[in-house]
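Q: The following block contains the structure, expressed as structure tokens.
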Amino acid sequence: MTCGNQVKLWRMDAGVSREALSQEAGYGYEALKSMEQGRRKPSQRLLEVADEMCGARGKLAAALAYLEPERFAVRAQEYLTLEAEAIALHWYETLLIPGLLQTEDYARALMSNHCPPVDDHTIESRVAARAQRQELLERPIVLFSFVIHEAALRSNVGGPKVMKAQLCRLVEVGEQRHVSVQVLPMGFGVTPGLGGPFIVVETADHRHYGYEEGQETGMLHADVERVSALMKRHAMIRMHALGDAESAQFISEVAEEL
């Protein structure tokens, strides 16, 4: 909305009518009005034409960088800062493959079915951002422990081809000496894993943080007691889970069923 309002202010100050700007930029009058009033995002074409017609000398065109879609959900950004600094990360996931282990096709399938829908540019920006996060896995001095509920392996996100490639990716990543990938099979009855997914991060200064995320909320915990509770739950979940070798075999068998 701020960007559109700036276009309006610059236009009015320069004595350029809305009709003249819309005609020069190739938009209808109502489309330009929507952009100026914040109901529609100003396009690159509009900003460039408005910049030239209003004599803004690059000030309006420069606003384009601030209109790029958020690469990460706002609620997760504080956690992601800690994730980038992690020396150990313990992740439990129930219905989805952990973001650090997702293939691009799997991530794209998830984001393409986001509700409410988002545009293609936003989808690709977020897929690229998720792939960039995975560079953390290339640091052999960082310890990763992933426990994934069997339900996530059988969710068939993106269809059989996408899901099979995703499962093969899990096995591949789990072969690294600093990465543990375990499966929590169905049928164990009541376990701490029924409470939902969470992450525990240890940073370079040996501080521990917990992170829990819902559909529209994200909660970062720094309180010692809360983080300690999550660490205990993760330890208990790992005790119920299959070992690394058994998990790799289990994942491979699920992949062969697709």
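Here's how to read the names in the structure tokens: chain A, B, ... by the order shown, residue numbers from 1 in each chain, ligand numbers from 1 in the order shown.
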Determine, counting only C-alpha atoms, which protein, DNA and RNA residues have an atom within 10 Å of an atom of region 105-116 of chain A; residues of the same chain fewer than 6 positions away are not included. Present the result as a compact mmCIF listing (two decimals) with C-alpha atoms, in the first residue's frame.

A:
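Ended up saving to result36.txt:
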```
# COMPACT_ATOMS: atom_id res chain seq x y z
CA LEU A 96 5.48 -33.59 6.48
CA ILE A 97 9.10 -34.15 5.55
CA GLY A 99 12.01 -28.55 5.43
CA THR A 122 6.02 -16.33 -4.62
CA ILE A 123 6.07 -20.11 -4.90
CA GLU A 124 9.37 -20.18 -6.78
CA ARG A 126 10.04 -19.73 -1.42
CA VAL A 127 11.19 -22.98 -3.04
CA ALA A 128 14.55 -21.34 -3.79
CA ARG A 130 14.10 -23.54 1.18
CA ALA A 131 16.78 -25.01 -1.07
CA ASN A 156 2.07 -38.97 -1.22
CA VAL A 157 2.73 -35.22 -1.60
CA GLY A 158 3.02 -34.34 -5.29
CA GLY A 159 2.19 -37.87 -6.45
CA LYS A 161 7.09 -39.85 -8.66
CA VAL A 162 7.72 -36.81 -6.45
CA MET A 163 7.25 -38.82 -3.27
CA LYS A 164 9.58 -41.61 -4.35
CA ALA A 165 12.34 -39.12 -5.15
CA GLN A 166 11.74 -37.50 -1.77
```

Q: Can you pull out the residues contacting Ala235 (chain A)? Cut-off 10 Å, using only C-alpha atoms, and skip same-chain residues under 6 positions away; I want them as a list in words.

A: His90, Pro192, Ala229 and Ala241 of chain A

Q: Restricting it to N, CA, C and O atoms, dump the selection as a CSV table (one decimal), in the first residue's frame.

A:
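Writing the result to selection_39.csv gives the following:
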```csv
chain,number,residue,atom,x,y,z
A,90,HIS,N,17.8,-30.8,16.4
A,90,HIS,CA,17.0,-32.0,16.7
A,90,HIS,C,15.6,-31.7,16.2
A,90,HIS,O,14.9,-30.9,16.8
A,192,PRO,N,5.2,-39.6,23.2
A,192,PRO,CA,5.3,-38.1,23.2
A,192,PRO,C,5.2,-37.5,21.8
A,192,PRO,O,4.9,-36.4,21.6
A,229,ALA,N,11.9,-29.6,28.4
A,229,ALA,CA,10.8,-30.5,28.1
A,229,ALA,C,10.8,-31.0,26.7
A,229,ALA,O,10.6,-32.2,26.5
A,241,ALA,N,11.7,-44.8,18.1
A,241,ALA,CA,12.0,-44.9,16.7
A,241,ALA,C,12.9,-46.0,16.3
A,241,ALA,O,13.6,-46.5,17.1
```

Q: Quick check for you: according to DSSP on this backbone, which residues of region 62-222 of chain A are classed as alpha helix (DSSP H)? Reply as a PyMOL selection string.

A: chain A and resi 77-84+104-112+120-133+150-153+160-174

Q: Tell me, in Å to one decimal, how far CA of Tyr27 (chain A) is from CA of Pro117 (chain A).

A: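 Going from CA of Tyr27 (chain A) over to CA of Pro117 (chain A), I get 24.3 Å.
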
Q: Looking at only C-alpha atoms, which of A:Val183, A:Ile251, A:Leu95, A:Val173 is the one that sits closest to Gly196 (chain A)?

A: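 Of A:Val183, A:Ile251, A:Leu95, A:Val173, the one nearest Gly196 (chain A) is A:Leu95, counting only C-alpha atoms.
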
Q: Looking at only C-alpha atoms, which of A:Pro160, A:Gly187, A:Gly218, A:Gly15 is the one that sits closest to Cys54 (chain A)?

A: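 Among A:Pro160, A:Gly187, A:Gly218, A:Gly15, it is A:Gly15 that comes nearest to Cys54 (chain A).
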
Q: Counting only C-alpha atoms, which residue out of A:Asp205, A:Glu48, A:Glu135, A:Asp244 sits closest to Leu170 (chain A)?

A: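 Answer, going by the shortest atom-to-atom distance: A:Asp244.
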
Q: Near region 34-38 of chain A, within 7 Å and counting only C-alpha atoms, which residues show up once chain neighbours fewer than 4 positions away are dropped, as a PyMOL selection string?

A: chain A and resi 1+4-5+7-8+30+42

Q: If you run DSSP on this backbone, which residues of region 69-133 of chain A come out as strand (DSSP E or B), and could you give them as a list of chain:residue names?

A: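 Here are the strand (DSSP E or B) residues of region 69-133 of chain A: A:Ala86, A:Ile87, A:Ala88, A:Leu89, A:His90, A:Trp91, A:Tyr92, A:Glu93.
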
Q: Go ahead and save the picked residues with C-alpha atoms, as a PDB file, in the first residue's frame.

A:
```pdb
ATOM      1  CA  ALA A  86      23.092 -24.007  14.742  1.00  0.00           C
ATOM      2  CA  ILE A  87      25.771 -26.440  15.879  1.00  0.00           C
ATOM      3  CA  ALA A  88      23.121 -29.084  16.644  1.00  0.00           C
ATOM      4  CA  LEU A  89      19.560 -29.455  15.469  1.00  0.00           C
ATOM      5  CA  HIS A  90      17.002 -32.007  16.675  1.00  0.00           C
ATOM      6  CA  TRP A  91      13.826 -32.155  14.586  1.00  0.00           C
ATOM      7  CA  TYR A  92      10.668 -34.220  14.989  1.00  0.00           C
ATOM      8  CA  GLU A  93       8.041 -34.113  12.247  1.00  0.00           C
TER       9      GLU A  93
END
```

Q: Nearest residue to His206 (chain A) out of A:Gly28, A:Ala152, A:Leu82, A:Arg238, using only C-alpha atoms?

A: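 Of all the options, A:Leu82 lies closest to His206 (chain A).
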
Q: A:Ala50, A:Leu194, A:Ala222, A:Leu167: which is nearest His234 (chain A), counting only C-alpha atoms?

A: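 With only C-alpha atoms as the atom set, the closest residue is A:Leu194.
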
Q: When you count only C-alpha atoms, which of these residues is closest to Thr203 (chain A): A:Asp119, A:Glu85, A:Glu175, A:Glu257?

A: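 For Thr203 (chain A), the nearest of the given residues is A:Glu85.
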
Q: Between CA of Gln6 (chain A) and CA of Ala129 (chain A), what distance in Å does the model show, to one decimal?

A: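 Distance reported for this atom pair: 29.2 Å.
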
Q: To one decimal place, how far is CA of Glu253 (chain A) from CA of Ile199 (chain A) in Å?

A: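 Pair CA of Glu253 (chain A) / CA of Ile199 (chain A) returns 26.8 Å.
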